[in-house]
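Data block for coords_28.cif (mmCIF, C-alpha atoms and all ligand atoms):
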data_entry
loop_
_atom_site.label_atom_id
_atom_site.label_comp_id
_atom_site.auth_asym_id
_atom_site.auth_seq_id
_atom_site.Cartn_x
_atom_site.Cartn_y
_atom_site.Cartn_z
CA MET A 3 5.16 -2.26 -1.81
CA LYS A 4 5.82 -0.82 1.62
CA LYS A 5 7.75 2.37 0.90
CA ILE A 6 7.81 5.10 -1.71
CA LYS A 7 10.66 7.42 -2.68
CA LEU A 8 10.32 11.19 -2.54
CA GLN A 9 12.56 13.24 -4.81
CA PRO A 10 14.74 15.27 -4.85
CA ALA A 11 16.34 13.78 -1.71
CA GLN A 12 15.25 10.15 -2.45
CA GLU A 13 13.73 10.10 1.03
CA GLU A 14 11.98 6.79 1.78
CA ILE A 15 8.50 7.04 3.31
CA GLU A 16 6.40 4.16 4.56
CA ILE A 17 3.05 3.87 2.78
CA GLY A 18 -0.06 4.17 4.95
CA LYS A 19 -3.56 3.66 3.66
CA ILE A 20 -4.37 4.11 -0.02
CA ILE A 21 -7.60 5.89 -0.83
CA CYS A 22 -8.81 5.83 -4.43
CA VAL A 23 -11.35 8.16 -5.98
CA GLY A 24 -13.76 6.92 -8.64
CA ARG A 25 -15.50 8.96 -11.36
CA ASN A 26 -13.50 12.14 -10.83
CA TYR A 27 -13.36 13.09 -14.52
CA ALA A 28 -16.75 13.66 -16.17
CA LYS A 29 -15.76 12.15 -19.53
CA HIS A 30 -14.56 8.95 -17.85
CA ALA A 31 -17.79 8.57 -15.86
CA GLU A 32 -19.63 9.07 -19.15
CA GLU A 33 -17.62 6.47 -21.12
CA LEU A 34 -18.58 3.77 -18.60
CA GLY A 35 -22.20 4.91 -18.47
CA ASN A 36 -21.93 6.09 -14.85
CA ILE A 37 -23.54 9.09 -13.22
CA VAL A 38 -21.18 11.66 -11.70
CA PRO A 39 -21.48 11.22 -7.93
CA GLU A 40 -22.68 13.99 -5.63
CA ASN A 41 -19.67 13.48 -3.34
CA PRO A 42 -16.33 11.88 -4.31
CA LEU A 43 -16.68 8.10 -4.65
CA LEU A 44 -14.07 6.40 -2.45
CA PHE A 45 -12.59 2.92 -2.18
CA LEU A 46 -9.41 1.51 -0.66
CA LYS A 47 -6.51 -0.59 -1.91
CA PRO A 48 -3.90 -2.18 0.37
CA SER A 49 -0.28 -1.15 -0.20
CA SER A 50 0.77 -4.80 -0.69
CA VAL A 51 -0.93 -4.99 -4.12
CA PHE A 52 1.18 -2.17 -5.58
CA ILE A 53 4.45 -2.52 -7.47
CA PRO A 54 7.04 0.13 -8.33
CA SER A 55 7.62 1.28 -11.91
CA GLY A 56 9.67 -1.26 -13.85
CA GLU A 57 8.12 -4.37 -12.30
CA GLU A 58 5.58 -6.59 -14.08
CA ILE A 59 1.81 -6.78 -13.58
CA THR A 60 0.48 -10.35 -13.55
CA TYR A 61 -2.90 -10.90 -15.23
CA PRO A 62 -5.25 -12.63 -12.77
CA SER A 63 -6.59 -15.96 -14.10
CA TYR A 64 -10.21 -15.03 -13.28
CA SER A 65 -10.41 -11.95 -15.50
CA ASN A 66 -10.30 -11.34 -19.25
CA GLU A 67 -10.77 -7.59 -19.03
CA MET A 68 -8.06 -5.86 -17.01
CA HIS A 69 -8.19 -2.10 -17.64
CA HIS A 70 -5.56 0.60 -17.30
CA GLU A 71 -6.36 3.78 -15.35
CA VAL A 72 -3.66 6.46 -15.12
CA GLU A 73 -4.02 8.77 -12.13
CA LEU A 74 -2.27 11.55 -10.22
CA VAL A 75 -1.27 10.24 -6.79
CA VAL A 76 -1.01 12.64 -3.86
CA LEU A 77 1.25 11.88 -0.89
CA ILE A 78 0.11 13.13 2.52
CA GLY A 79 2.83 14.44 4.84
CA GLU A 80 1.11 15.01 8.17
CA GLU A 81 -1.90 14.00 10.25
CA ILE A 82 -5.03 16.01 9.48
CA LYS A 83 -8.72 15.73 10.36
CA ASN A 84 -11.58 17.98 9.18
CA ALA A 85 -9.03 20.04 7.22
CA ASP A 86 -9.83 23.39 5.66
CA PRO A 87 -8.40 24.07 2.18
CA LYS A 88 -5.26 25.76 3.57
CA GLU A 89 -4.55 22.82 5.92
CA ALA A 90 -5.23 20.38 3.08
CA GLU A 91 -2.78 22.21 0.80
CA ASP A 92 -0.16 22.29 3.56
CA ALA A 93 -0.56 18.54 4.18
CA ILE A 94 0.46 17.61 0.61
CA LEU A 95 4.03 16.33 0.52
CA GLY A 96 4.34 15.26 -3.10
CA TYR A 97 2.89 13.98 -6.37
CA ALA A 98 3.46 10.89 -8.52
CA VAL A 99 2.01 9.00 -11.47
CA GLY A 100 0.01 5.91 -10.56
CA LEU A 101 -1.91 3.11 -12.25
CA ASP A 102 -5.16 1.88 -10.70
CA MET A 103 -5.52 -1.47 -12.51
CA THR A 104 -9.11 -2.65 -12.60
CA LEU A 105 -10.79 -5.94 -13.56
CA ARG A 106 -13.67 -4.39 -15.48
CA ASP A 107 -15.52 -7.69 -16.10
CA VAL A 108 -15.39 -8.52 -12.38
CA GLN A 109 -16.43 -4.96 -11.49
CA THR A 110 -19.41 -5.04 -13.88
CA LYS A 111 -20.71 -8.21 -12.20
CA LEU A 112 -20.19 -6.76 -8.70
CA LYS A 113 -21.92 -3.50 -9.66
CA SER A 114 -24.94 -5.38 -11.04
CA LYS A 115 -25.33 -7.15 -7.70
CA GLY A 116 -24.77 -3.99 -5.66
CA HIS A 117 -21.65 -5.55 -4.10
CA PRO A 118 -18.44 -3.71 -3.11
CA TRP A 119 -15.75 -3.35 -5.79
CA THR A 120 -13.02 -5.02 -3.73
CA LEU A 121 -12.49 -8.08 -5.95
CA ALA A 122 -12.21 -5.87 -9.05
CA LYS A 123 -9.72 -3.48 -7.50
CA VAL A 124 -7.64 -5.59 -5.09
CA PHE A 125 -5.30 -8.30 -6.42
CA ASP A 126 -1.53 -8.64 -6.46
CA GLY A 127 -0.16 -6.17 -8.99
CA ALA A 128 -3.33 -4.06 -8.97
CA GLY A 129 -1.38 -0.87 -9.28
CA VAL A 130 1.87 0.91 -9.94
CA VAL A 131 3.23 3.88 -8.02
CA GLY A 132 6.04 5.99 -9.45
CA GLU A 133 8.58 8.12 -7.59
CA PHE A 134 7.14 11.18 -5.88
CA ILE A 135 8.21 14.73 -6.63
CA SER A 136 8.04 17.02 -3.62
CA LYS A 137 5.26 19.61 -3.73
CA ASN A 138 7.76 22.47 -3.66
CA GLU A 139 9.50 21.16 -6.77
CA TYR A 140 6.20 20.38 -8.53
CA ASN A 141 4.18 23.61 -8.38
CA TYR A 142 0.77 22.14 -9.24
CA THR A 143 -1.30 24.36 -11.56
CA GLY A 144 -3.86 21.96 -13.06
CA GLU A 145 -2.53 22.70 -16.56
CA GLU A 146 -0.37 19.56 -16.45
CA ASN A 147 -1.08 16.89 -19.07
CA ILE A 148 -1.80 13.33 -17.94
CA LYS A 149 -1.19 10.59 -20.53
CA LEU A 150 -1.00 6.83 -20.93
CA TRP A 151 0.29 4.73 -23.83
CA ILE A 152 -0.09 1.01 -24.61
CA ASN A 153 2.81 -0.18 -26.81
CA ASP A 154 3.52 3.47 -27.75
CA GLU A 155 -0.12 4.10 -28.79
CA LEU A 156 -1.70 7.00 -26.90
CA LYS A 157 -4.83 5.81 -25.06
CA GLN A 158 -5.52 8.37 -22.33
CA SER A 159 -4.86 12.10 -22.54
CA SER A 160 -6.28 14.89 -20.42
CA GLN A 161 -5.28 17.65 -18.02
CA LEU A 162 -5.37 17.59 -14.23
CA LYS A 163 -7.75 20.58 -14.18
CA ASN A 164 -10.45 18.30 -15.62
CA MET A 165 -10.84 16.60 -12.25
CA LEU A 166 -14.33 17.26 -10.89
CA THR A 167 -12.90 17.57 -7.37
CA SER A 168 -9.37 18.99 -7.08
CA PRO A 169 -6.70 17.27 -4.97
CA VAL A 170 -7.07 19.89 -2.22
CA ASN A 171 -10.86 19.51 -2.12
CA LEU A 172 -10.51 15.71 -2.13
CA ILE A 173 -8.29 15.98 0.96
CA VAL A 174 -10.81 18.33 2.61
CA TYR A 175 -13.62 15.85 1.93
CA ILE A 176 -11.75 12.66 2.85
CA SER A 177 -10.51 14.21 6.10
CA THR A 178 -14.13 14.69 7.21
CA ILE A 179 -14.58 10.90 6.91
CA MET A 180 -11.25 9.60 8.25
CA LYS A 181 -8.08 11.20 9.51
CA LEU A 182 -5.22 11.34 7.03
CA GLU A 183 -1.70 10.52 8.16
CA ARG A 184 1.87 10.84 6.88
CA GLY A 185 2.44 8.24 4.16
CA ASP A 186 -1.20 7.98 3.06
CA LEU A 187 -1.73 8.06 -0.72
CA ILE A 188 -4.73 9.40 -2.61
CA PHE A 189 -5.38 8.16 -6.17
CA THR A 190 -7.33 11.05 -7.65
CA GLY A 191 -9.24 9.26 -10.43
CA THR A 192 -8.64 8.58 -14.11
CA PRO A 193 -9.56 10.55 -17.24
CA GLU A 194 -11.36 9.06 -20.23
CA GLY A 195 -9.77 6.49 -22.54
CA VAL A 196 -9.56 3.49 -20.21
CA GLY A 197 -9.38 0.14 -21.96
CA VAL A 198 -8.20 -3.45 -21.94
CA VAL A 199 -4.58 -4.51 -21.54
CA ASN A 200 -3.29 -7.85 -22.85
CA LYS A 201 -0.39 -10.06 -21.86
CA GLY A 202 2.83 -8.68 -23.34
CA ASP A 203 1.59 -5.08 -23.43
CA ILE A 204 3.95 -2.34 -22.32
CA ILE A 205 2.17 0.41 -20.39
CA THR A 206 3.82 3.80 -20.04
CA ALA A 207 2.24 6.72 -18.23
CA GLU A 208 3.25 10.29 -17.66
CA ILE A 209 2.09 13.42 -15.90
CA GLU A 210 4.01 16.57 -16.71
CA LYS A 211 6.79 17.29 -14.18
CA CYS A 212 6.40 13.80 -12.60
CA LYS A 213 8.66 10.85 -13.28
CA LYS A 214 7.33 8.60 -16.08
CA ILE A 215 6.35 5.03 -15.18
CA GLU A 216 6.57 1.85 -17.23
CA THR A 217 5.35 -1.69 -16.65
CA ILE A 218 4.75 -4.86 -18.66
CA VAL A 219 1.69 -7.10 -18.36
CA LYS A 220 2.54 -10.78 -18.13
MG MG B 301 -9.29 4.63 -10.72
#
Would you mind writing the file out in structure tokens?
Amino acid sequence: MKKIKLQPAQEEIEIGKIICVGRNYAKHAEELGNIVPENPLLFLKPSSVFIPSGEEITYPSYSNEMHHEVELVVLIGEEIKNADPKEAEDAILGYAVGLDMTLRDVQTKLKSKGHPWTLAKVFDGAGVVGEFISKNEYNYTGEENIKLWINDELKQSSQLKNMLTSPVNLIVYISTIMKLERGDLIFTGTPEGVGVVNKGDIITAEIEKCKKIETIVK
């Protein structure tokens, strides 16, 4: 997936780097037995592993435990480095619903060895990105509900304000590590309720005011 669409004008924007945040909701860190990190926990996914809403996720042959993680995705609109909160806020171009698909069995093995998470997080179809709504149309308050269903059964449900580090503060932090550029995406972490998906499952995910996404696992 090389480009995303930004509503309302359906503008096409080339995707840059994709930075994902781990353990950004306390109840999710808790459900996996993880300690909440002192600073945001970051990892990267290449844009080529993502698919748009409506396409199918293929189950990798080397995993039996692919998990769903619904997340708010933030689109960066301009280059920033060492941003203050005002600059970080100004750099946000839009918001979308995303799925950060994770091979939990692979990740558990990697974690036990102290290895990077790459093989658990990076595989073809390792994520879905919906259409972005421009920041001006969205009016982020934190009160928005974030939800995910498997075959119409509600599995994840929270509110964006439950993030430990807000989108603006994530941008402030990340920009002290690496510059952010137009087209970069930030996956802001998943709330509690993650779990296994099986072949044939239909995943739908929604964040209030964003466009809903849907995918099938095959
Ligand atoms: Mg995640």
Worksheet entry | Nearby polymer residues, ligand MG 301 (chain B), at most 7 Å, all atoms listed in the file, as a ChimeraX atom specification | /A:22-24,71,73,102,189,191-192
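Nearest to A:Val219 of all the residues A:Gly56, A:Pro87, A:Gly100, A:Gly144 is A:Gly56, counting all atoms listed in the file.
Atom to atom, atom CA of A:Ile21 and atom CA of A:Ile205 stand 22.5 Å apart.
Of the listed residues (A:Leu8, A:Met68, A:Ala85, A:Leu44), A:Leu8 comes nearest to A:Lys137; the distances count all atoms listed in the file.
Near A:Thr143, within a cut-off of 12 Å and counting all atoms listed in the file, sit the residues Lys137, Gln161, Leu162, Lys163, Asn164, Ser168, Pro169, Val170, Glu210 and Lys211 of chain A, with same-chain residues fewer than 5 positions away left out.
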Discussion item. List as a PyMOL selection string the protein and nucleic acid residues near stretch 13-15 of chain A, meaning an atom at most 10 Å away when all atoms listed in the file are counted, but skip any in the same chain fewer than 3 places from it.
Written reply: chain A and resi 4-10+18+77+79+134+184-186
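Here atom CA of A:Thr206 is placed at a distance of 22.4 Å from atom CA of A:Leu34.
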Item to complete: With a distance cut-off of 10 Å and all atoms listed in the file, select the neighbouring residues of A:Ser55, excluding the residue or stretch itself and same-chain residues fewer than 2 positions from it, and output the selection as a count of residues only.
Response: 20
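Our summary of the geometry notes that atom CA of A:Gly127 is positioned 5.1 Å from atom CA of A:Val51.
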Discussion item. Which residue is closest to A:Gly35? Choose from A:Ser65, A:Asn153, A:Thr110, A:Gln12 and count only C-alpha atoms.
Written reply: A:Thr110
Item to complete: Around the point (-17.2, 20.6, -4.2), in the coordinates given by the file, pick out the residues reaching within 9 Å, counting all atoms listed in the file, and return them as a ChimeraX atom specification.
Response: /A:40-42,166-168,171-172,175
Restricting the output to C-alpha atoms, write the selected residues as a compact mmCIF listing (two decimals), in the coordinates of the input.
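Here's the written file part_8.txt:
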# COMPACT_ATOMS: atom_id res chain seq x y z
CA GLU A 40 -22.68 13.99 -5.63
CA ASN A 41 -19.67 13.48 -3.34
CA PRO A 42 -16.33 11.88 -4.31
CA LEU A 166 -14.33 17.26 -10.89
CA THR A 167 -12.90 17.57 -7.37
CA SER A 168 -9.37 18.99 -7.08
CA ASN A 171 -10.86 19.51 -2.12
CA LEU A 172 -10.51 15.71 -2.13
CA TYR A 175 -13.62 15.85 1.93
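You can rank A:Ala28, A:Ile135, A:Leu43, A:Ile59 by their closest distance to A:Ala11 using only C-alpha atoms, and at the top of that list sits A:Ile135.
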Residue neighbourhood A:Lys149, 7 Å, only C-alpha atoms, exclusion window fewer than 6 positions, as an mmCIF file with C-alpha atoms, keeping the file's coordinate frame:
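Output below, filename part-v8.cif:
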data_model
loop_
_atom_site.group_PDB
_atom_site.id
_atom_site.type_symbol
_atom_site.label_atom_id
_atom_site.label_comp_id
_atom_site.auth_asym_id
_atom_site.auth_seq_id
_atom_site.Cartn_x
_atom_site.Cartn_y
_atom_site.Cartn_z
ATOM 1 C CA GLN A 158 -5.520 8.370 -22.330
ATOM 2 C CA SER A 159 -4.860 12.100 -22.540
ATOM 3 C CA SER A 160 -6.280 14.890 -20.420
ATOM 4 C CA ALA A 207 2.240 6.720 -18.230
ATOM 5 C CA GLU A 208 3.250 10.290 -17.660
ATOM 6 C CA ILE A 209 2.090 13.420 -15.900
#
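Of the listed residues (A:Leu156, A:Val38, A:Val124, A:Ala90), A:Ala90 comes nearest to A:Leu182; the distances count all atoms listed in the file.
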Tell me, as a PDB file with C-alpha atoms, keeping the file's coordinate frame, which residues lie within 12 Å of A:Trp119, counting only C-alpha atoms; anything in the same chain fewer than 2 positions away does not count.
ATOM      1  CA  CYS A  22      -8.810   5.830  -4.430  1.00  0.00           C
ATOM      2  CA  GLY A  24     -13.760   6.920  -8.640  1.00  0.00           C
ATOM      3  CA  LEU A  43     -16.680   8.100  -4.650  1.00  0.00           C
ATOM      4  CA  LEU A  44     -14.070   6.400  -2.450  1.00  0.00           C
ATOM      5  CA  PHE A  45     -12.590   2.920  -2.180  1.00  0.00           C
ATOM      6  CA  LEU A  46      -9.410   1.510  -0.660  1.00  0.00           C
ATOM      7  CA  LYS A  47      -6.510  -0.590  -1.910  1.00  0.00           C
ATOM      8  CA  THR A 104      -9.110  -2.650 -12.600  1.00  0.00           C
ATOM      9  CA  LEU A 105     -10.790  -5.940 -13.560  1.00  0.00           C
ATOM     10  CA  ARG A 106     -13.670  -4.390 -15.480  1.00  0.00           C
ATOM     11  CA  ASP A 107     -15.520  -7.690 -16.100  1.00  0.00           C
ATOM     12  CA  VAL A 108     -15.390  -8.520 -12.380  1.00  0.00           C
ATOM     13  CA  GLN A 109     -16.430  -4.960 -11.490  1.00  0.00           C
ATOM     14  CA  THR A 110     -19.410  -5.040 -13.880  1.00  0.00           C
ATOM     15  CA  LYS A 111     -20.710  -8.210 -12.200  1.00  0.00           C
ATOM     16  CA  LEU A 112     -20.190  -6.760  -8.700  1.00  0.00           C
ATOM     17  CA  LYS A 113     -21.920  -3.500  -9.660  1.00  0.00           C
ATOM     18  CA  SER A 114     -24.940  -5.380 -11.040  1.00  0.00           C
ATOM     19  CA  LYS A 115     -25.330  -7.150  -7.700  1.00  0.00           C
ATOM     20  CA  GLY A 116     -24.770  -3.990  -5.660  1.00  0.00           C
ATOM     21  CA  HIS A 117     -21.650  -5.550  -4.100  1.00  0.00           C
ATOM     22  CA  LEU A 121     -12.490  -8.080  -5.950  1.00  0.00           C
ATOM     23  CA  ALA A 122     -12.210  -5.870  -9.050  1.00  0.00           C
ATOM     24  CA  LYS A 123      -9.720  -3.480  -7.500  1.00  0.00           C
ATOM     25  CA  VAL A 124      -7.640  -5.590  -5.090  1.00  0.00           C
ATOM     26  CA  PHE A 125      -5.300  -8.300  -6.420  1.00  0.00           C
TER      27      PHE A 125
END
Item to complete: Have a look at A:Ile176, A:Asn200, A:Ala128, A:Lys181 and name the one nearest to A:Ile152; count all atoms listed in the file.
Response: A:Asn200
